[in-house]
Amino acid sequence: MYNVLIRFVMKLCGLTIVINVAVGFPRFQDVIPNGDKLPHPCKPNYIWHGVGHRADRGEGPLNDFGKDFLRLGKKWNKSLCQLDSDKDGRSNGEELGDPDCIWTRETIPQRQNNITHPGVCDPWESEECKKQNAWVDCDIDELKCAAIHETSVMNITIRMPETKVPNTETNYMCTTFDLPSDGDFHMIASVPYIDNIYVMHHMLLFGCEDTDYVKQIKPNKPESCLMGVKDCNDIISVWTVGYAGQCALKEFGFRIGVKGYKRVVLQAHWNNPELKNSYFDSSGLTLYYTHKLRPNDAAVMRIGSSYFELPPGRSEVEVVGTCSSQCSKTQLKGPIYITTAGNHMHYLGEKQKIELIRNGTKIQDITNEEHYNYDKPVTHSFKIPIEVQPGDELKTTCVFKTTSKLNYTYYGQGTNDEMCYGFLIIYPAKNVKRKFCTSWKSIPVCELKAPIVRGCQTAKFTNLSNPEFTEMRNAVKDHCSTNDTCLEKCKDQLTIINNHTCMNGDVGLYIKYRLIKLNDPSVTDFYHGIESCSKELKTNLSPAPTSKSSRILQLHFVVMFVCIVMFIT
């Protein structure tokens with residue numbers, strides 16, 4: 001059900017990843033075409049962030065392209081564009097998607113796919129390039145976790161059967177597995193088994209409730225799962241590109257067996273941007289578990305924003321998601337302790353922080369990344385766990401850069417969509433009623449089922465027989481057009497309607513999506529009438545997607561969100 005994505009339990013524990021980049025590197029990335037999306041030549045699904053450096057993270061000696069970039073003034077110009085820095089027969093401009101050398105920072109590159117590294121000889125595996133590319137690091141780290149070698153630790157490997165990968169860019173596949181149930185265990189580590197490195201982007205392991213629905217699911221049978229699997233919502237393990245695995249700190253483990261999760265769902269995210277039809281995959285995880293229980297049961301808590309949209313062409317777009325004081329008061333049974341925290345956005349993400357606020361006063365930053373990097377996530381671990389009390393506020397702020405986009409970008413599961421989440425490894429799990437506490441735009445999710453949301457009686461107003469809403473529909477029907485023509489007589493009516501508590505701001509957007517979900521023609525005509533004068537009145541009951549497909553995508557995520565709200569309450 002959750003489309004979380006995923007780069008969070010960067011240390012689940014024990015795996016520390018630190019970014020160490022050259023000074024000014026994010027700035028240099030912006031001054032060449034496609035500088036933020038250069039694929040690594042021998043690590044599928046990795047991005048080479050330090051384009052001018054020999055190290056992909058952007059540190060240490062320069063590669064041949066970096067030397068030319070420095071010599072020619074640290075800027076993209078015709079001279080640098082026409083050079084062939086890596087001597088592979090293709091100009092730097094051809095490799096970076098600017099073959100005509102016309103790109104500027106204010107424009108979109110001529111080509112945004114099939115990008116290659118201007119400092120690494122291609123074709124990568126050719127005899128001509130092998131010697132020249134000897135300096136390129138293709139190794140992926142192995143997990144260092146002493147606990148898995150203890151005599152009391154057992155393991156089980158769960159892998160999906162060999163499954164054909166669809167020839168679409170983003171795919172989610174879920175497979176249910178049975179865990180050992182002959183004892184009471186803590187799962188303390190996991191190691192990935194990656195069968196197809198060319199498509200596997202990340203995997204999430206969800207613990208399932210012991211319900212009749214879960215019991216009837218056929219195990220070891222992969223199913224497409226954009227919306228996840230019912231009653232299997234608790235994240236207990238994660239792998240994503242860049243991780244060697246997860247090793248839990250000694251203070252906790254994830255409970256499995258007779259007193260914990262007996263069934264799990266492995267959700268795999270396949271990324272197939274080339275739309276190939278020949279890929280198969282049978283990846284999975286090796287789970288390490290022990291009967292020697294740790295002091296605490298752990299859980300992963302998700303905070304942030306469950307829905308937003310990002311306008312194109314902006315150097316900064318801020319999104320704020322809040323687990324409000326009211327929400328934490330209802331969702332926490334007692335204090336919880338954060339041992340590890342991680343930020344999660346996608347490739348448009350620039351900055352992110354999570355703040356702990358108590359009684360209106362900021363206590364501390366839990367995370368604060370001025371230079372967020374999707375492929376090199378930072379783990380924030382705390383030797384002294386951070387206490388969160390019922391009634392505290394957890395505020396997540398994400399800053400995105402959309403200068404490379406021509407259309408709106410929406411919250412979503414795909415790599416080209418965006419997210420704004422924080423992931424917290426906490427204990428004790430028993431003190432958390434629900435393991436997510438997010439907001440819908442600026443409205444905390446837990447408040448959406450209240451009888452009154454920011455002055456709007458939502459349940460009453462979304463009843464089509466409600467006299468107040470019926471009067472509004474009739475006014476729009478009598479005075480407004482449904483064909484995008486703004487009539488003068490419509491403006492006066494809309495001025496009154498748009499000032500209504502239930503039609504204004506984020507509450508108005510929420511009401512709109514609740515009503516659209518009813519699939520009633522009168523509701524559709526009502527909102528068409530309102531939108532006919534949106535430019536003239538500068539109303540904001542919807543963003544301004546530039547295509548029919550983007551409007552459909554927007555509605556899809558709203559409907560998905562409404563389903564989540566209905567489910568959790």
# chains A, B, ... in the order shown; residues from 1 in each chain; ligands from 1

call {"tool": "residues_around", "arguments": {"residues": "region 274-278 of chain A", "least_positions_apart": "4", "cutoff": "12 Å", "atoms": "only C-alpha atoms", "output": "PDB file with N, CA and C atoms, in the first residue's frame"}}
result
ATOM      1  N   ASN A  45      21.920   1.603 -12.546  1.00  0.00           N
ATOM      2  CA  ASN A  45      21.002   2.353 -11.675  1.00  0.00           C
ATOM      3  C   ASN A  45      21.711   3.340 -10.758  1.00  0.00           C
ATOM      4  N   ASN A 113      17.926  11.477 -22.596  1.00  0.00           N
ATOM      5  CA  ASN A 113      18.150  10.055 -22.393  1.00  0.00           C
ATOM      6  C   ASN A 113      19.374   9.616 -23.187  1.00  0.00           C
ATOM      7  N   ASN A 114      19.804   8.364 -22.948  1.00  0.00           N
ATOM      8  CA  ASN A 114      21.008   7.838 -23.597  1.00  0.00           C
ATOM      9  C   ASN A 114      22.217   8.759 -23.381  1.00  0.00           C
ATOM     10  N   THR A 163      10.817 -14.027 -12.860  1.00  0.00           N
ATOM     11  CA  THR A 163       9.639 -13.304 -13.329  1.00  0.00           C
ATOM     12  C   THR A 163      10.028 -12.351 -14.450  1.00  0.00           C
ATOM     13  N   LYS A 164       9.201 -12.296 -15.478  1.00  0.00           N
ATOM     14  CA  LYS A 164       9.464 -11.400 -16.601  1.00  0.00           C
ATOM     15  C   LYS A 164       9.218  -9.959 -16.184  1.00  0.00           C
ATOM     16  N   VAL A 165      10.139  -9.076 -16.525  1.00  0.00           N
ATOM     17  CA  VAL A 165      10.019  -7.645 -16.222  1.00  0.00           C
ATOM     18  C   VAL A 165       9.258  -6.979 -17.356  1.00  0.00           C
ATOM     19  N   PRO A 166       8.142  -6.291 -17.053  1.00  0.00           N
ATOM     20  CA  PRO A 166       7.387  -5.621 -18.120  1.00  0.00           C
ATOM     21  C   PRO A 166       8.219  -4.562 -18.835  1.00  0.00           C
ATOM     22  N   ASN A 167       7.887  -4.299 -20.080  1.00  0.00           N
ATOM     23  CA  ASN A 167       8.637  -3.305 -20.861  1.00  0.00           C
ATOM     24  C   ASN A 167       8.058  -1.912 -20.658  1.00  0.00           C
ATOM     25  N   THR A 168       7.845  -1.565 -19.393  1.00  0.00           N
ATOM     26  CA  THR A 168       7.450  -0.213 -18.996  1.00  0.00           C
ATOM     27  C   THR A 168       8.477   0.300 -17.989  1.00  0.00           C
ATOM     28  N   GLU A 169       8.574   1.627 -17.848  1.00  0.00           N
ATOM     29  CA  GLU A 169       9.678   2.194 -17.079  1.00  0.00           C
ATOM     30  C   GLU A 169       9.633   1.843 -15.607  1.00  0.00           C
ATOM     31  N   THR A 170       8.469   2.019 -14.951  1.00  0.00           N
ATOM     32  CA  THR A 170       8.360   1.812 -13.509  1.00  0.00           C
ATOM     33  C   THR A 170       7.400   0.675 -13.220  1.00  0.00           C
ATOM     34  N   ASN A 171       7.859  -0.317 -12.473  1.00  0.00           N
ATOM     35  CA  ASN A 171       7.021  -1.464 -12.126  1.00  0.00           C
ATOM     36  C   ASN A 171       7.253  -1.846 -10.670  1.00  0.00           C
ATOM     37  N   ASN A 196      19.094  -9.329 -11.162  1.00  0.00           N
ATOM     38  CA  ASN A 196      19.192  -8.504 -12.378  1.00  0.00           C
ATOM     39  C   ASN A 196      19.541  -7.076 -11.975  1.00  0.00           C
ATOM     40  N   TYR A 198      20.346  -4.665 -13.737  1.00  0.00           N
ATOM     41  CA  TYR A 198      19.975  -3.639 -14.710  1.00  0.00           C
ATOM     42  C   TYR A 198      18.590  -3.048 -14.463  1.00  0.00           C
ATOM     43  N   VAL A 199      17.773  -3.711 -13.662  1.00  0.00           N
ATOM     44  CA  VAL A 199      16.416  -3.199 -13.421  1.00  0.00           C
ATOM     45  C   VAL A 199      16.106  -2.993 -11.946  1.00  0.00           C
ATOM     46  N   TRP A 270      11.173  -2.205 -10.040  1.00  0.00           N
ATOM     47  CA  TRP A 270      11.993  -2.350 -11.236  1.00  0.00           C
ATOM     48  C   TRP A 270      12.006  -1.042 -12.010  1.00  0.00           C
TER      49      TRP A 270
END

call {"tool": "residues_around", "arguments": {"residues": "Gly253 (chain A)", "least_positions_apart": "3", "cutoff": "7 Å", "atoms": "only C-alpha atoms", "output": "PyMOL selection string"}}
result
chain A and resi 186-188+248+294+296-298

call {"tool": "residues_around", "arguments": {"residues": "Ile354 (chain A)", "least_positions_apart": "6", "cutoff": "7 Å", "atoms": "only C-alpha atoms", "output": "mmCIF file with all heavy atoms, in the first residue's frame"}}
result
data_model
loop_
_atom_site.group_PDB
_atom_site.id
_atom_site.type_symbol
_atom_site.label_atom_id
_atom_site.label_comp_id
_atom_site.auth_asym_id
_atom_site.auth_seq_id
_atom_site.Cartn_x
_atom_site.Cartn_y
_atom_site.Cartn_z
ATOM 1 N N ASP A 365 17.103 19.886 15.453
ATOM 2 C CA ASP A 365 17.036 19.263 14.141
ATOM 3 C C ASP A 365 17.340 17.781 14.304
ATOM 4 O O ASP A 365 18.338 17.409 14.927
ATOM 5 C CB ASP A 365 18.066 19.872 13.177
ATOM 6 C CG ASP A 365 17.670 21.261 12.699
ATOM 7 O OD1 ASP A 365 16.455 21.529 12.611
ATOM 8 O OD2 ASP A 365 18.578 22.067 12.418
ATOM 9 N N ILE A 366 16.492 16.956 13.720
ATOM 10 C CA ILE A 366 16.780 15.522 13.679
ATOM 11 C C ILE A 366 17.654 15.224 12.464
ATOM 12 O O ILE A 366 18.608 14.454 12.540
ATOM 13 C CB ILE A 366 15.470 14.709 13.643
ATOM 14 C CG1 ILE A 366 14.664 14.976 14.923
ATOM 15 C CG2 ILE A 366 15.758 13.217 13.491
ATOM 16 C CD1 ILE A 366 13.287 14.355 14.926
ATOM 17 N N THR A 367 17.326 15.852 11.344
ATOM 18 C CA THR A 367 18.192 15.831 10.165
ATOM 19 C C THR A 367 18.246 17.248 9.612
ATOM 20 O O THR A 367 17.337 18.043 9.835
ATOM 21 C CB THR A 367 17.667 14.895 9.051
ATOM 22 O OG1 THR A 367 16.474 15.458 8.472
ATOM 23 C CG2 THR A 367 17.356 13.507 9.583
ATOM 24 N N ASN A 368 19.304 17.538 8.859
ATOM 25 C CA ASN A 368 19.410 18.844 8.188
ATOM 26 C C ASN A 368 20.469 18.726 7.089
ATOM 27 O O ASN A 368 21.658 18.849 7.356
ATOM 28 C CB ASN A 368 19.768 19.940 9.171
ATOM 29 C CG ASN A 368 19.619 21.323 8.545
ATOM 30 O OD1 ASN A 368 19.333 21.464 7.348
ATOM 31 N ND2 ASN A 368 19.813 22.365 9.343
ATOM 32 N N LEU A 394 6.528 16.804 14.576
ATOM 33 C CA LEU A 394 7.646 16.432 13.719
ATOM 34 C C LEU A 394 7.422 17.091 12.363
ATOM 35 O O LEU A 394 6.488 16.737 11.632
ATOM 36 C CB LEU A 394 7.752 14.909 13.579
ATOM 37 C CG LEU A 394 8.110 14.150 14.854
ATOM 38 C CD1 LEU A 394 7.874 12.660 14.688
ATOM 39 C CD2 LEU A 394 9.562 14.419 15.256
ATOM 40 N N LYS A 395 8.274 18.052 12.031
ATOM 41 C CA LYS A 395 8.095 18.858 10.824
ATOM 42 C C LYS A 395 9.164 18.493 9.792
ATOM 43 O O LYS A 395 10.367 18.578 10.068
ATOM 44 C CB LYS A 395 8.180 20.345 11.164
ATOM 45 C CG LYS A 395 8.012 21.286 9.980
ATOM 46 C CD LYS A 395 8.131 22.736 10.447
ATOM 47 C CE LYS A 395 8.033 23.717 9.274
ATOM 48 N NZ LYS A 395 8.213 25.116 9.742
ATOM 49 N N THR A 396 8.730 18.090 8.606
ATOM 50 C CA THR A 396 9.638 17.724 7.518
ATOM 51 C C THR A 396 9.555 18.785 6.428
ATOM 52 O O THR A 396 8.475 19.063 5.910
ATOM 53 C CB THR A 396 9.262 16.355 6.925
ATOM 54 O OG1 THR A 396 9.235 15.374 7.969
ATOM 55 C CG2 THR A 396 10.244 15.931 5.850
ATOM 56 N N THR A 397 10.682 19.378 6.064
ATOM 57 C CA THR A 397 10.733 20.406 5.029
ATOM 58 C C THR A 397 11.631 19.932 3.891
ATOM 59 O O THR A 397 12.791 19.582 4.114
ATOM 60 C CB THR A 397 11.280 21.734 5.585
ATOM 61 O OG1 THR A 397 10.464 22.152 6.694
ATOM 62 C CG2 THR A 397 11.265 22.823 4.516
#

call {"tool": "residues_around", "arguments": {"residues": "Cys327 (chain A)", "least_positions_apart": "3", "cutoff": "8 Å", "atoms": "only C-alpha atoms", "output": "list in words"}}
result
Cys323, Ser324, Thr330, Gln331, Gly391, Cys437, Pro444, Cys446 and Glu447 of chain A

call {"tool": "write_last_selection", "arguments": {"atoms": "N, CA, C and O atoms", "output": "PDB file, in the first residue's frame"}}
result
ATOM      1  N   CYS A 323       3.759  16.060  11.065  1.00  0.00           N
ATOM      2  CA  CYS A 323       3.093  15.178  12.023  1.00  0.00           C
ATOM      3  C   CYS A 323       2.766  16.094  13.199  1.00  0.00           C
ATOM      4  O   CYS A 323       3.640  16.423  14.014  1.00  0.00           O
ATOM      5  N   SER A 324       1.540  16.556  13.230  1.00  0.00           N
ATOM      6  CA  SER A 324       1.166  17.630  14.152  1.00  0.00           C
ATOM      7  C   SER A 324       1.119  17.144  15.596  1.00  0.00           C
ATOM      8  O   SER A 324       1.124  15.940  15.882  1.00  0.00           O
ATOM      9  N   THR A 330      -2.499  11.421  19.413  1.00  0.00           N
ATOM     10  CA  THR A 330      -3.428  10.310  19.207  1.00  0.00           C
ATOM     11  C   THR A 330      -2.735   9.046  18.723  1.00  0.00           C
ATOM     12  O   THR A 330      -3.243   7.946  18.916  1.00  0.00           O
ATOM     13  N   GLN A 331      -1.562   9.175  18.081  1.00  0.00           N
ATOM     14  CA  GLN A 331      -0.908   8.014  17.479  1.00  0.00           C
ATOM     15  C   GLN A 331       0.184   7.389  18.352  1.00  0.00           C
ATOM     16  O   GLN A 331       0.609   6.270  18.094  1.00  0.00           O
ATOM     17  N   GLY A 391       2.199  14.435  21.672  1.00  0.00           N
ATOM     18  CA  GLY A 391       1.965  15.874  21.652  1.00  0.00           C
ATOM     19  C   GLY A 391       3.077  16.669  21.003  1.00  0.00           C
ATOM     20  O   GLY A 391       2.920  17.860  20.726  1.00  0.00           O
ATOM     21  N   CYS A 437       2.860   9.134   9.915  1.00  0.00           N
ATOM     22  CA  CYS A 437       2.218  10.354  10.411  1.00  0.00           C
ATOM     23  C   CYS A 437       2.583  11.466   9.439  1.00  0.00           C
ATOM     24  O   CYS A 437       3.594  12.145   9.600  1.00  0.00           O
ATOM     25  N   PRO A 444      -2.492  17.864   8.231  1.00  0.00           N
ATOM     26  CA  PRO A 444      -2.098  16.570   8.791  1.00  0.00           C
ATOM     27  C   PRO A 444      -3.170  15.514   8.526  1.00  0.00           C
ATOM     28  O   PRO A 444      -4.367  15.760   8.719  1.00  0.00           O
ATOM     29  N   CYS A 446      -4.108  12.815  10.002  1.00  0.00           N
ATOM     30  CA  CYS A 446      -4.963  12.352  11.094  1.00  0.00           C
ATOM     31  C   CYS A 446      -6.133  13.295  11.335  1.00  0.00           C
ATOM     32  O   CYS A 446      -7.131  12.901  11.936  1.00  0.00           O
ATOM     33  N   GLU A 447      -6.016  14.540  10.877  1.00  0.00           N
ATOM     34  CA  GLU A 447      -7.084  15.510  11.105  1.00  0.00           C
ATOM     35  C   GLU A 447      -8.169  15.453  10.028  1.00  0.00           C
ATOM     36  O   GLU A 447      -9.244  16.039  10.187  1.00  0.00           O
TER      37      GLU A 447
END

call {"tool": "residues_around", "arguments": {"residues": "region 461-464 of chain A", "least_positions_apart": "4", "cutoff": "10 Å", "atoms": "only C-alpha atoms", "output": "PyMOL selection string"}}
result
chain A and resi 456-457+468-470+473+502-503+511-516+518+520+522-523

call {"tool": "write_last_selection", "arguments": {"atoms": "N, CA and C atoms", "output": "PDB file, in the first residue's frame"}}
result
ATOM      1  N   CYS A 456     -14.294  23.632   8.153  1.00  0.00           N
ATOM      2  CA  CYS A 456     -15.193  23.019   7.171  1.00  0.00           C
ATOM      3  C   CYS A 456     -15.757  21.714   7.712  1.00  0.00           C
ATOM      4  N   GLN A 457     -17.070  21.589   7.684  1.00  0.00           N
ATOM      5  CA  GLN A 457     -17.720  20.336   8.066  1.00  0.00           C
ATOM      6  C   GLN A 457     -17.646  19.394   6.857  1.00  0.00           C
ATOM      7  N   GLU A 468     -26.562  23.335   1.191  1.00  0.00           N
ATOM      8  CA  GLU A 468     -25.588  24.386   0.928  1.00  0.00           C
ATOM      9  C   GLU A 468     -24.804  24.094  -0.356  1.00  0.00           C
ATOM     10  N   PHE A 469     -24.361  22.847  -0.504  1.00  0.00           N
ATOM     11  CA  PHE A 469     -23.597  22.490  -1.700  1.00  0.00           C
ATOM     12  C   PHE A 469     -24.519  22.432  -2.925  1.00  0.00           C
ATOM     13  N   THR A 470     -25.761  22.000  -2.723  1.00  0.00           N
ATOM     14  CA  THR A 470     -26.721  21.983  -3.829  1.00  0.00           C
ATOM     15  C   THR A 470     -26.960  23.390  -4.366  1.00  0.00           C
ATOM     16  N   ARG A 473     -23.986  24.356  -6.502  1.00  0.00           N
ATOM     17  CA  ARG A 473     -23.997  23.696  -7.809  1.00  0.00           C
ATOM     18  C   ARG A 473     -24.990  24.365  -8.742  1.00  0.00           C
ATOM     19  N   CYS A 502     -15.137  25.800   2.943  1.00  0.00           N
ATOM     20  CA  CYS A 502     -14.937  24.474   2.348  1.00  0.00           C
ATOM     21  C   CYS A 502     -14.480  24.536   0.892  1.00  0.00           C
ATOM     22  N   MET A 503     -14.286  25.719   0.361  1.00  0.00           N
ATOM     23  CA  MET A 503     -13.895  25.849  -1.045  1.00  0.00           C
ATOM     24  C   MET A 503     -12.571  26.583  -1.191  1.00  0.00           C
ATOM     25  N   ILE A 511     -11.654  18.800  -0.461  1.00  0.00           N
ATOM     26  CA  ILE A 511     -13.086  18.625  -0.726  1.00  0.00           C
ATOM     27  C   ILE A 511     -13.310  18.266  -2.196  1.00  0.00           C
ATOM     28  N   LYS A 512     -12.590  18.939  -3.071  1.00  0.00           N
ATOM     29  CA  LYS A 512     -12.738  18.678  -4.512  1.00  0.00           C
ATOM     30  C   LYS A 512     -12.467  17.209  -4.831  1.00  0.00           C
ATOM     31  N   TYR A 513     -11.377  16.684  -4.293  1.00  0.00           N
ATOM     32  CA  TYR A 513     -11.019  15.319  -4.621  1.00  0.00           C
ATOM     33  C   TYR A 513     -11.940  14.310  -3.958  1.00  0.00           C
ATOM     34  N   ARG A 514     -12.467  14.658  -2.782  1.00  0.00           N
ATOM     35  CA  ARG A 514     -13.484  13.793  -2.164  1.00  0.00           C
ATOM     36  C   ARG A 514     -14.732  13.738  -3.045  1.00  0.00           C
ATOM     37  N   LEU A 515     -15.119  14.877  -3.590  1.00  0.00           N
ATOM     38  CA  LEU A 515     -16.325  14.938  -4.421  1.00  0.00           C
ATOM     39  C   LEU A 515     -16.115  14.288  -5.783  1.00  0.00           C
ATOM     40  N   ILE A 516     -14.964  14.526  -6.399  1.00  0.00           N
ATOM     41  CA  ILE A 516     -14.690  13.933  -7.712  1.00  0.00           C
ATOM     42  C   ILE A 516     -14.707  12.412  -7.630  1.00  0.00           C
ATOM     43  N   LEU A 518     -16.723  10.662  -6.236  1.00  0.00           N
ATOM     44  CA  LEU A 518     -18.103  10.177  -6.314  1.00  0.00           C
ATOM     45  C   LEU A 518     -18.547   9.895  -7.750  1.00  0.00           C
ATOM     46  N   ASP A 520     -19.910  11.768  -9.961  1.00  0.00           N
ATOM     47  CA  ASP A 520     -21.233  12.322 -10.261  1.00  0.00           C
ATOM     48  C   ASP A 520     -21.092  13.415 -11.323  1.00  0.00           C
ATOM     49  N   SER A 522     -22.853  15.977 -12.052  1.00  0.00           N
ATOM     50  CA  SER A 522     -23.109  17.339 -11.574  1.00  0.00           C
ATOM     51  C   SER A 522     -21.886  17.916 -10.870  1.00  0.00           C
ATOM     52  N   VAL A 523     -21.097  17.060 -10.210  1.00  0.00           N
ATOM     53  CA  VAL A 523     -19.863  17.514  -9.566  1.00  0.00           C
ATOM     54  C   VAL A 523     -18.831  17.901 -10.615  1.00  0.00           C
TER      55      VAL A 523
END

call {"tool": "closest_atom_pairs", "arguments": {"of": "region 336-407 of chain A", "to": "region 234-245 of chain A", "cutoff": "12 Å", "atoms": "only C-alpha atoms", "output": "tab-separated table"}}
result
residue	atom	partner	partner_atom	distance
A:His344	CA	A:Thr240	CA	11.8
A:Asn373	CA	A:Gly242	CA	11.6
A:Tyr374	CA	A:Val241	CA	9.8
A:Asp375	CA	A:Gly242	CA	6.7
A:Lys376	CA	A:Gly242	CA	7.0
A:Pro377	CA	A:Gly242	CA	8.5
A:Val378	CA	A:Gly242	CA	11.2
A:Thr379	CA	A:Tyr243	CA	11.5

call {"tool": "write_last_selection", "arguments": {"atoms": "N, CA and C atoms", "output": "short mmCIF file (atom, residue, chain, number, x, y, z; two decimals), in the first residue's frame"}}
result
data_model
loop_
_atom_site.label_atom_id
_atom_site.label_comp_id
_atom_site.auth_asym_id
_atom_site.auth_seq_id
_atom_site.Cartn_x
_atom_site.Cartn_y
_atom_site.Cartn_z
N HIS A 344 14.28 11.39 2.51
CA HIS A 344 14.01 10.73 1.23
C HIS A 344 13.24 11.64 0.28
N ASN A 373 21.42 14.23 -1.70
CA ASN A 373 21.89 13.42 -2.81
C ASN A 373 21.15 12.10 -2.80
N TYR A 374 20.29 11.90 -3.78
CA TYR A 374 19.43 10.71 -3.83
C TYR A 374 20.23 9.42 -3.85
N ASP A 375 21.35 9.40 -4.57
CA ASP A 375 22.13 8.18 -4.73
C ASP A 375 23.13 7.94 -3.60
N LYS A 376 23.38 8.95 -2.81
CA LYS A 376 24.33 8.82 -1.70
C LYS A 376 23.66 9.31 -0.41
N PRO A 377 22.68 8.57 0.09
CA PRO A 377 21.92 9.04 1.25
C PRO A 377 22.78 9.10 2.50
N VAL A 378 22.46 10.05 3.34
CA VAL A 378 23.17 10.24 4.61
C VAL A 378 22.36 9.60 5.74
N THR A 379 23.04 8.86 6.58
CA THR A 379 22.42 8.27 7.75
C THR A 379 22.67 9.15 8.97
#

call {"tool": "residues_around", "arguments": {"residues": "Ile357 (chain A)", "least_positions_apart": "6", "cutoff": "7 Å", "atoms": "only C-alpha atoms", "output": "list in words"}}
result
Ile363, Asp392, Glu393 and Leu394 of chain A

call {"tool": "closest_residue", "arguments": {"among": "A:Cys174, A:Val31, A:Ile530, A:Val453", "to": "Val476 (chain A)", "atoms": "only C-alpha atoms"}}
result
A:Ile530

call {"tool": "residues_around", "arguments": {"residues": "Gly284 (chain A)", "least_positions_apart": "4", "cutoff": "7 Å", "atoms": "only C-alpha atoms", "output": "PyMOL selection string"}}
result
chain A and resi 158-160+192-194

call {"tool": "select_by_dssp", "arguments": {"residues": "region 387-466 of chain A", "states": "alpha helix (DSSP H)", "output": "list in words"}}
result
Thr458, Ala459, Lys460 and Phe461 of chain A
